[in-house]
file data-v5.cif (mmCIF, C-alpha atoms)
data_my_file
#
loop_
_atom_site.label_atom_id
_atom_site.label_comp_id
_atom_site.auth_asym_id
_atom_site.auth_seq_id
_atom_site.Cartn_x
_atom_site.Cartn_y
_atom_site.Cartn_z
CA MET A 1 0.00 0.00 0.00
CA SER A 2 1.24 3.50 -0.84
CA LYS A 3 1.65 5.41 2.42
CA THR A 4 1.60 8.77 0.64
CA LEU A 5 -1.64 7.98 -1.21
CA HIS A 6 -3.10 6.56 1.99
CA ASN A 7 -2.32 9.80 3.86
CA GLY A 8 -3.81 11.91 1.07
CA LEU A 9 -7.04 9.94 1.16
CA GLU A 10 -7.09 10.22 4.94
CA ILE A 11 -6.98 14.00 4.57
CA LEU A 12 -10.01 13.96 2.25
CA GLU A 13 -11.90 11.70 4.63
CA LEU A 14 -10.98 13.97 7.54
CA LEU A 15 -12.17 17.07 5.71
CA THR A 16 -15.58 15.50 5.04
CA GLN A 17 -16.14 15.61 8.79
CA HIS A 18 -15.35 19.34 9.10
CA LYS A 19 -17.50 21.49 6.84
CA TYR A 20 -15.75 24.68 8.03
CA GLY A 21 -12.34 23.29 7.20
CA LEU A 22 -9.16 22.63 9.16
CA THR A 23 -5.74 24.22 9.46
CA VAL A 24 -2.70 22.33 8.19
CA THR A 25 -1.66 21.76 11.81
CA GLU A 26 -5.06 20.27 12.64
CA ILE A 27 -4.82 18.04 9.57
CA ALA A 28 -1.34 16.89 10.61
CA ASP A 29 -2.62 16.02 14.07
CA GLY A 30 -5.69 14.36 12.62
CA ILE A 31 -3.80 11.90 10.41
CA GLY A 32 -0.71 11.58 12.60
CA VAL A 33 2.02 13.12 10.43
CA HIS A 34 4.43 16.04 10.74
CA ARG A 35 3.06 19.43 9.72
CA THR A 36 5.55 19.66 6.84
CA VAL A 37 4.26 16.37 5.42
CA ALA A 38 0.65 17.50 5.81
CA ASP A 39 1.41 20.77 4.04
CA ARG A 40 3.02 18.95 1.11
CA LEU A 41 0.04 16.61 0.82
CA VAL A 42 -2.39 19.52 0.94
CA ARG A 43 -0.47 21.33 -1.81
CA THR A 44 -0.69 18.23 -4.02
CA LEU A 45 -4.41 17.82 -3.39
CA ASP A 46 -4.89 21.53 -4.05
CA ALA A 47 -3.11 21.23 -7.40
CA HIS A 48 -5.71 18.64 -8.42
CA ARG A 49 -8.57 20.77 -7.02
CA LEU A 50 -9.40 18.13 -4.44
CA CYS A 51 -9.03 20.66 -1.66
CA ARG A 52 -8.60 24.44 -1.41
CA ARG A 53 -7.28 27.08 0.99
CA THR A 54 -9.45 29.91 2.25
CA GLU A 55 -8.18 33.41 2.94
CA ASN A 56 -7.85 32.55 6.63
CA LYS A 57 -5.68 29.52 5.70
CA ARG A 58 -8.26 26.86 6.43
CA ILE A 59 -8.40 23.82 4.16
CA LEU A 60 -11.73 22.78 2.62
CA LEU A 61 -12.74 20.09 0.15
CA GLY A 62 -12.28 21.25 -3.44
CA SER A 63 -14.49 21.38 -6.52
CA GLY A 64 -12.50 18.64 -8.24
CA LEU A 65 -14.33 16.11 -6.09
CA VAL A 66 -17.59 17.13 -7.76
CA SER A 67 -16.22 16.07 -11.15
CA LEU A 68 -15.12 12.73 -9.75
CA ALA A 69 -18.48 12.16 -8.06
CA SER A 70 -20.51 13.20 -11.10
CA SER A 71 -19.30 10.25 -13.16
CA VAL A 72 -20.36 7.87 -10.40
CA GLU A 73 -23.74 9.59 -10.09
CA GLN A 74 -24.18 9.44 -13.86
CA ASP A 75 -23.92 5.65 -13.74
CA LEU A 76 -26.36 5.60 -10.83
CA ARG A 77 -28.85 7.80 -12.70
CA GLU A 78 -28.65 5.68 -15.84
CA LEU A 79 -29.38 2.49 -13.92
CA ALA A 80 -32.04 4.13 -11.75
CA ARG A 81 -34.09 5.79 -14.50
CA PRO A 82 -35.97 2.71 -15.78
CA VAL A 83 -36.55 1.50 -12.21
CA LEU A 84 -37.99 4.88 -11.19
CA GLU A 85 -40.08 5.16 -14.35
CA GLU A 86 -41.64 1.76 -13.71
CA LEU A 87 -42.28 2.62 -10.06
CA ALA A 88 -43.83 6.00 -10.90
CA ASP A 89 -46.15 4.51 -13.52
CA THR A 90 -47.11 1.51 -11.39
CA VAL A 91 -48.17 3.51 -8.32
CA GLU A 92 -49.13 6.65 -10.32
CA ALA A 93 -47.03 8.90 -8.13
CA THR A 94 -43.82 10.91 -8.36
CA ALA A 95 -40.79 8.71 -7.71
CA HIS A 96 -37.42 9.98 -6.53
CA LEU A 97 -33.87 8.85 -5.96
CA ALA A 98 -31.97 10.47 -3.08
CA VAL A 99 -28.33 10.27 -1.98
CA ARG A 100 -26.67 11.10 1.30
CA GLU A 101 -25.06 14.53 1.28
CA GLY A 102 -22.40 14.73 4.00
CA GLU A 103 -23.32 13.77 7.56
CA ASP A 104 -26.59 15.61 8.01
CA ALA A 105 -28.43 15.97 4.70
CA VAL A 106 -29.86 14.17 1.70
CA ARG A 107 -30.10 15.39 -1.90
CA ALA A 108 -32.73 14.48 -4.46
CA LEU A 109 -30.62 13.15 -7.33
CA MET A 110 -33.47 12.27 -9.71
CA VAL A 111 -37.20 12.92 -9.84
CA ILE A 112 -39.50 11.01 -12.20
CA GLU A 113 -43.15 11.97 -12.66
CA PRO A 114 -45.80 9.38 -13.65
CA ARG A 115 -46.95 9.41 -17.26
CA ASN A 116 -50.56 8.36 -16.64
CA SER A 117 -51.66 10.24 -13.54
CA ARG A 118 -53.96 13.26 -13.52
CA ALA A 119 -52.40 14.68 -10.36
CA HIS A 120 -48.97 14.20 -8.84
CA VAL A 121 -46.44 15.92 -6.61
CA GLY A 122 -43.91 18.05 -8.46
CA PHE A 123 -40.46 19.07 -7.28
CA ASN A 124 -37.02 19.45 -8.80
CA ALA A 125 -33.93 17.31 -8.52
CA GLY A 126 -31.17 18.91 -6.46
CA GLN A 127 -33.36 19.70 -3.47
CA ILE A 128 -31.45 19.24 -0.19
CA ASP A 129 -33.17 18.36 3.09
CA PRO A 130 -31.97 17.42 6.59
CA ILE A 131 -31.39 13.70 6.96
CA ASN A 132 -33.63 13.57 10.03
CA ARG A 133 -36.65 15.02 8.22
CA GLY A 134 -38.52 13.39 5.37
CA SER A 135 -38.84 9.76 4.36
CA ALA A 136 -35.66 9.65 2.23
CA GLY A 137 -33.42 10.63 5.13
CA LEU A 138 -35.22 8.48 7.68
CA ALA A 139 -34.93 5.46 5.37
CA MET A 140 -31.17 6.05 5.23
CA LEU A 141 -30.93 6.37 9.01
CA ALA A 142 -32.90 3.13 9.33
CA ALA A 143 -30.22 1.40 7.24
CA LEU A 144 -27.69 2.24 9.98
CA PRO A 145 -27.36 0.53 13.38
CA PRO A 146 -29.80 1.81 16.04
CA ARG A 147 -28.76 4.93 17.93
CA ASP A 148 -29.83 6.29 21.30
CA GLY A 149 -32.43 9.01 20.91
CA GLU A 150 -33.34 8.22 17.30
CA ARG A 151 -36.81 9.12 16.11
CA PRO A 152 -39.48 6.43 16.59
CA GLU A 153 -40.15 6.70 12.85
CA VAL A 154 -36.60 5.49 12.18
CA THR A 155 -37.05 2.48 14.47
CA ARG A 156 -40.33 1.61 12.77
CA ALA A 157 -38.76 2.04 9.32
CA ARG A 158 -36.03 -0.41 10.29
CA GLU A 159 -38.72 -2.93 11.28
CA ARG A 160 -40.93 -2.42 8.20
CA GLY A 161 -38.23 -1.90 5.59
CA PHE A 162 -39.50 1.53 4.54
CA ALA A 163 -39.95 4.96 6.12
CA VAL A 164 -43.11 7.09 6.06
CA THR A 165 -43.44 10.80 6.87
CA SER A 166 -46.24 13.28 6.23
CA GLY A 167 -45.86 17.01 5.69
CA GLU A 168 -42.22 17.12 6.78
CA VAL A 169 -40.72 18.20 3.46
CA THR A 170 -43.78 19.41 1.55
CA HIS A 171 -47.08 20.41 3.17
CA SER A 172 -49.86 17.78 2.81
CA VAL A 173 -47.53 15.35 1.03
CA THR A 174 -46.63 11.90 2.34
CA GLY A 175 -43.24 10.45 1.51
CA ILE A 176 -42.54 6.72 1.48
CA SER A 177 -38.91 5.64 0.97
CA ALA A 178 -36.63 2.63 1.27
CA ALA A 179 -32.84 2.52 1.33
CA LEU A 180 -30.92 0.45 -1.18
CA PRO A 181 -29.43 -2.62 0.54
CA ASN A 182 -25.74 -3.26 1.10
CA ARG A 183 -24.53 0.36 0.93
CA ARG A 184 -21.76 1.92 3.01
CA PRO A 185 -22.87 4.46 5.67
CA ASP A 186 -21.35 7.37 3.71
CA ASP A 187 -22.79 6.15 0.40
CA LEU A 188 -26.46 5.62 1.25
CA VAL A 189 -29.12 5.85 -1.46
CA SER A 190 -32.90 5.68 -1.18
CA ILE A 191 -35.83 5.30 -3.56
CA GLY A 192 -39.20 6.76 -2.67
CA VAL A 193 -42.54 8.13 -3.79
CA SER A 194 -44.42 11.29 -2.87
CA VAL A 195 -48.21 11.06 -2.67
CA PHE A 196 -51.23 13.07 -1.58
CA ASP A 197 -53.21 9.97 -0.59
CA SER A 198 -51.42 7.50 1.66
CA SER A 199 -54.39 5.21 2.35
CA GLU A 200 -52.52 2.34 0.67
CA GLU A 201 -49.35 2.93 2.66
CA GLN A 202 -48.38 -0.73 2.95
CA LYS A 203 -48.87 -1.38 -0.76
CA LEU A 204 -46.83 1.70 -1.67
CA GLY A 205 -44.12 0.71 0.81
CA GLU A 206 -43.83 -2.75 -0.68
CA ALA A 207 -43.52 -1.28 -4.19
CA VAL A 208 -40.77 1.08 -3.01
CA VAL A 209 -38.86 -1.71 -1.25
CA ALA A 210 -39.05 -3.87 -4.38
CA ALA A 211 -37.70 -1.00 -6.51
CA ALA A 212 -34.86 -0.37 -4.04
CA ARG A 213 -33.88 -4.04 -4.12
CA ARG A 214 -34.02 -4.11 -7.91
CA LEU A 215 -31.73 -1.11 -8.25
CA GLY A 216 -29.44 -2.49 -5.57
CA ALA A 217 -29.07 -5.70 -7.54
CA LEU A 218 -28.28 -3.76 -10.73
CA LEU A 219 -25.53 -1.82 -8.97
CA LEU A 220 -23.89 -5.06 -7.82
CA ARG A 221 -23.55 -6.48 -11.35
#
call {"tool": "encode", "arguments": {"input": "data-v5.cif", "output": "structure tokens"}}
result
Amino acid sequence: MSKTLHNGLEILELLTQHKYGLTVTEIADGIGVHRTVADRLVRTLDAHRLCRRTENKRILLGSGLVSLASSVEQDLRELARPVLEELADTVEATAHLAVREGEDAVRALMVIEPRNSRAHVGFNAGQIDPINRGSAGLAMLAALPPRDGERPEVTRARERGFAVTSGEVTHSVTGISAALPNRRPDDLVSIGVSVFDSSEEQKLGEAVVAAARRLGALLLR
């Protein structure tokens, strides 16, 4: 294993945990190297736009990571589209794919509207919401080990296989989501639907779980 590459990746992982950045000294302490070594690593990462320095000399993650992530997300979107389209048309509701965004948020990566429904919920991809509010985030939290003080809705989602919330992201709208199986904690993905009428909650939940499993299987090929 390359020690230098390992240390560089450790810096990136460390910076994901500090949204306001770190000083070079703090980075050195965080990965257990001399400050001079940390500074050299940061300069290399900066040259590849994987991190950047602010005016007050704090180090933040750089825009180059977006380019790297976009290619991964493109593959995810391509595989997810037919699954979401089938889900949306089957339940006649807006279907969405969400990804974990840092520690505390989720981002709607793709939104698919049903083709044969007179009324449906409309919203745009890119929307970011707290991970502890809305069915997408709660489904992701339910995919993690239980934590003290977690919402009862997360515990129930872990038992049922899907999360349900009403009016937490959009007024009068119920969200039903399930996390894709076998994902790492920092790489969680969920599939869900947004509906006005949740009278068939169990049926909708089962459809969402089936879609999440189907996409999960495609990603493992």
call {"tool": "residues_around", "arguments": {"input": "data-v5.cif", "residues": "segment 5-15 of chain A", "least_positions_apart": "5", "cutoff": "10 Å", "atoms": "all atoms listed in the file", "output": "ChimeraX atom specification"}}
result
/A:20-22,27-28,30-33,37-38,40-42,44-45,50-51,59-62,65
call {"tool": "residues_near_point", "arguments": {"input": "data-v5.cif", "point": "(-40.9, -3.9, -4.5)", "cutoff": "12 Å", "atoms": "all atoms listed in the file", "output": "PyMOL selection string"}}
result
chain A and resi 83-84+86-87+90-91+161-162+177-180+191-192+202-216
call {"tool": "atom_distance", "arguments": {"input": "data-v5.cif", "atom1": "atom CA of Val99 of chain A", "atom2": "atom CA of Asp148 of chain A"}}
result
23.7 Å
call {"tool": "closest_residue", "arguments": {"input": "data-v5.cif", "among": "A:Leu188, A:Ala47, A:Leu97, A:Val195", "to": "Ser166 of chain A", "atoms": "all atoms listed in the file"}}
result
A:Val195
call {"tool": "atom_distance", "arguments": {"input": "data-v5.cif", "atom1": "atom CA of Glu55 of chain A", "atom2": "atom CA of Thr36 of chain A"}}
result
19.8 Å
call {"tool": "axis_aligned_box", "arguments": {"input": "data-v5.cif", "around": "segment 85-97 of chain A", "padding_each_side": "8 Å", "output": "lines of an AutoDock Vina configuration file"}}
result
center_x = -41.5
center_y = 6.2
center_z = -10.2
size_x = 31.3
size_y = 25.4
size_z = 24.4
call {"tool": "resolve_selection", "arguments": {"input": "data-v5.cif", "expression": "the PyMOL selection byres ((chain A and resi 135) around 8)", "output": "ChimeraX atom specification"}}
result
/A:133-134,136-139,163-165,175-177,192
call {"tool": "closest_residue", "arguments": {"input": "data-v5.cif", "among": "A:Leu79, A:Ala142, A:Arg100, A:Ile128", "to": "Arg158 of chain A", "atoms": "all atoms listed in the file"}}
result
A:Ala142
call {"tool": "closest_residue", "arguments": {"input": "data-v5.cif", "among": "A:Leu76, A:Glu159, A:Pro146, A:His48", "to": "Asp187 of chain A", "atoms": "all atoms listed in the file"}}
result
A:Leu76
call {"tool": "atom_distance", "arguments": {"input": "data-v5.cif", "atom1": "atom CA of Phe196 of chain A", "atom2": "atom CA of Arg81 of chain A"}}
result
22.7 Å
call {"tool": "closest_residue", "arguments": {"input": "data-v5.cif", "among": "A:Ala105, A:Ile112, A:Val121, A:Val66", "to": "Leu141 of chain A", "atoms": "all atoms listed in the file"}}
result
A:Ala105
call {"tool": "closest_residue", "arguments": {"input": "data-v5.cif", "among": "A:Ser63, A:Gln17, A:Asn132, A:Ser2", "to": "Val106 of chain A", "atoms": "all atoms listed in the file"}}
result
A:Asn132
call {"tool": "closest_residue", "arguments": {"input": "data-v5.cif", "among": "A:Val189, A:Leu144, A:Ala125, A:Ile131", "to": "Glu103 of chain A", "atoms": "all atoms listed in the file"}}
result
A:Ile131
call {"tool": "resolve_selection", "arguments": {"input": "data-v5.cif", "expression": "the PyMOL selection byres ((chain A and resi 127) around 10)", "output": "VMD selection string"}}
result
chain A and resid 98 106 to 110 123 to 126 128 to 129
call {"tool": "residues_around", "arguments": {"input": "data-v5.cif", "residues": "Gly102 of chain A", "least_positions_apart": "5", "cutoff": "9 Å", "atoms": "only C-alpha atoms", "output": "PyMOL selection string"}}
result
chain A and resi 16-17+19+186
call {"tool": "resolve_selection", "arguments": {"input": "data-v5.cif", "expression": "the PyMOL selection byres ((chain A and resi 115) around 10)", "output": "PyMOL selection string"}}
result
chain A and resi 85-86+88-90+92-94+112-114+116-118+120
call {"tool": "decode", "arguments": {"input": "data-v5.cif", "residues": "segment 58-84 of chain A", "atoms": "N, CA and C atoms", "output": "PDB file, in the first residue's frame"}}
result
ATOM      1  N   ARG A  58      -7.607  28.125   6.092  1.00  0.00           N
ATOM      2  CA  ARG A  58      -8.259  26.857   6.431  1.00  0.00           C
ATOM      3  C   ARG A  58      -8.413  26.033   5.152  1.00  0.00           C
ATOM      4  N   ILE A  59      -8.345  24.731   5.297  1.00  0.00           N
ATOM      5  CA  ILE A  59      -8.395  23.823   4.157  1.00  0.00           C
ATOM      6  C   ILE A  59      -9.789  23.216   4.064  1.00  0.00           C
ATOM      7  N   LEU A  60     -10.402  23.338   2.880  1.00  0.00           N
ATOM      8  CA  LEU A  60     -11.726  22.782   2.620  1.00  0.00           C
ATOM      9  C   LEU A  60     -11.647  21.804   1.453  1.00  0.00           C
ATOM     10  N   LEU A  61     -12.649  20.966   1.321  1.00  0.00           N
ATOM     11  CA  LEU A  61     -12.739  20.095   0.155  1.00  0.00           C
ATOM     12  C   LEU A  61     -12.875  20.937  -1.105  1.00  0.00           C
ATOM     13  N   GLY A  62     -12.303  20.468  -2.208  1.00  0.00           N
ATOM     14  CA  GLY A  62     -12.276  21.247  -3.441  1.00  0.00           C
ATOM     15  C   GLY A  62     -13.301  20.799  -4.470  1.00  0.00           C
ATOM     16  N   SER A  63     -13.480  21.634  -5.485  1.00  0.00           N
ATOM     17  CA  SER A  63     -14.489  21.381  -6.518  1.00  0.00           C
ATOM     18  C   SER A  63     -14.139  20.188  -7.411  1.00  0.00           C
ATOM     19  N   GLY A  64     -12.881  19.784  -7.425  1.00  0.00           N
ATOM     20  CA  GLY A  64     -12.500  18.636  -8.240  1.00  0.00           C
ATOM     21  C   GLY A  64     -13.203  17.360  -7.824  1.00  0.00           C
ATOM     22  N   LEU A  65     -13.606  17.297  -6.557  1.00  0.00           N
ATOM     23  CA  LEU A  65     -14.326  16.112  -6.087  1.00  0.00           C
ATOM     24  C   LEU A  65     -15.694  15.995  -6.746  1.00  0.00           C
ATOM     25  N   VAL A  66     -16.279  17.145  -7.102  1.00  0.00           N
ATOM     26  CA  VAL A  66     -17.589  17.128  -7.762  1.00  0.00           C
ATOM     27  C   VAL A  66     -17.498  16.424  -9.105  1.00  0.00           C
ATOM     28  N   SER A  67     -16.415  16.710  -9.854  1.00  0.00           N
ATOM     29  CA  SER A  67     -16.221  16.072 -11.155  1.00  0.00           C
ATOM     30  C   SER A  67     -16.057  14.567 -11.005  1.00  0.00           C
ATOM     31  N   LEU A  68     -15.301  14.154  -9.980  1.00  0.00           N
ATOM     32  CA  LEU A  68     -15.121  12.727  -9.746  1.00  0.00           C
ATOM     33  C   LEU A  68     -16.436  12.061  -9.370  1.00  0.00           C
ATOM     34  N   ALA A  69     -17.211  12.739  -8.518  1.00  0.00           N
ATOM     35  CA  ALA A  69     -18.477  12.162  -8.063  1.00  0.00           C
ATOM     36  C   ALA A  69     -19.519  12.125  -9.167  1.00  0.00           C
ATOM     37  N   SER A  70     -19.470  13.107 -10.073  1.00  0.00           N
ATOM     38  CA  SER A  70     -20.511  13.198 -11.099  1.00  0.00           C
ATOM     39  C   SER A  70     -20.520  11.980 -12.007  1.00  0.00           C
ATOM     40  N   SER A  71     -19.335  11.426 -12.296  1.00  0.00           N
ATOM     41  CA  SER A  71     -19.295  10.249 -13.160  1.00  0.00           C
ATOM     42  C   SER A  71     -19.929   9.051 -12.468  1.00  0.00           C
ATOM     43  N   VAL A  72     -19.731   8.947 -11.156  1.00  0.00           N
ATOM     44  CA  VAL A  72     -20.361   7.868 -10.400  1.00  0.00           C
ATOM     45  C   VAL A  72     -21.864   8.068 -10.382  1.00  0.00           C
ATOM     46  N   GLU A  73     -22.321   9.299 -10.129  1.00  0.00           N
ATOM     47  CA  GLU A  73     -23.740   9.586 -10.086  1.00  0.00           C
ATOM     48  C   GLU A  73     -24.393   9.401 -11.443  1.00  0.00           C
ATOM     49  N   GLN A  74     -23.631   9.643 -12.522  1.00  0.00           N
ATOM     50  CA  GLN A  74     -24.182   9.442 -13.857  1.00  0.00           C
ATOM     51  C   GLN A  74     -24.529   7.971 -14.069  1.00  0.00           C
ATOM     52  N   ASP A  75     -23.635   7.076 -13.656  1.00  0.00           N
ATOM     53  CA  ASP A  75     -23.922   5.646 -13.739  1.00  0.00           C
ATOM     54  C   ASP A  75     -25.146   5.293 -12.903  1.00  0.00           C
ATOM     55  N   LEU A  76     -25.235   5.864 -11.710  1.00  0.00           N
ATOM     56  CA  LEU A  76     -26.363   5.601 -10.829  1.00  0.00           C
ATOM     57  C   LEU A  76     -27.668   6.079 -11.463  1.00  0.00           C
ATOM     58  N   ARG A  77     -27.636   7.276 -12.048  1.00  0.00           N
ATOM     59  CA  ARG A  77     -28.845   7.805 -12.696  1.00  0.00           C
ATOM     60  C   ARG A  77     -29.281   6.939 -13.870  1.00  0.00           C
ATOM     61  N   GLU A  78     -28.311   6.492 -14.668  1.00  0.00           N
ATOM     62  CA  GLU A  78     -28.653   5.681 -15.836  1.00  0.00           C
ATOM     63  C   GLU A  78     -29.302   4.361 -15.429  1.00  0.00           C
ATOM     64  N   LEU A  79     -28.794   3.737 -14.382  1.00  0.00           N
ATOM     65  CA  LEU A  79     -29.383   2.492 -13.917  1.00  0.00           C
ATOM     66  C   LEU A  79     -30.722   2.726 -13.218  1.00  0.00           C
ATOM     67  N   ALA A  80     -30.832   3.865 -12.542  1.00  0.00           N
ATOM     68  CA  ALA A  80     -32.038   4.131 -11.755  1.00  0.00           C
ATOM     69  C   ALA A  80     -33.226   4.568 -12.601  1.00  0.00           C
ATOM     70  N   ARG A  81     -32.985   5.204 -13.727  1.00  0.00           N
ATOM     71  CA  ARG A  81     -34.094   5.786 -14.500  1.00  0.00           C
ATOM     72  C   ARG A  81     -35.194   4.777 -14.834  1.00  0.00           C
ATOM     73  N   PRO A  82     -34.876   3.633 -15.457  1.00  0.00           N
ATOM     74  CA  PRO A  82     -35.969   2.707 -15.779  1.00  0.00           C
ATOM     75  C   PRO A  82     -36.676   2.154 -14.542  1.00  0.00           C
ATOM     76  N   VAL A  83     -35.940   1.990 -13.457  1.00  0.00           N
ATOM     77  CA  VAL A  83     -36.545   1.505 -12.214  1.00  0.00           C
ATOM     78  C   VAL A  83     -37.519   2.542 -11.668  1.00  0.00           C
ATOM     79  N   LEU A  84     -37.121   3.811 -11.679  1.00  0.00           N
ATOM     80  CA  LEU A  84     -37.986   4.881 -11.192  1.00  0.00           C
ATOM     81  C   LEU A  84     -39.189   5.079 -12.106  1.00  0.00           C
TER      82      LEU A  84
END
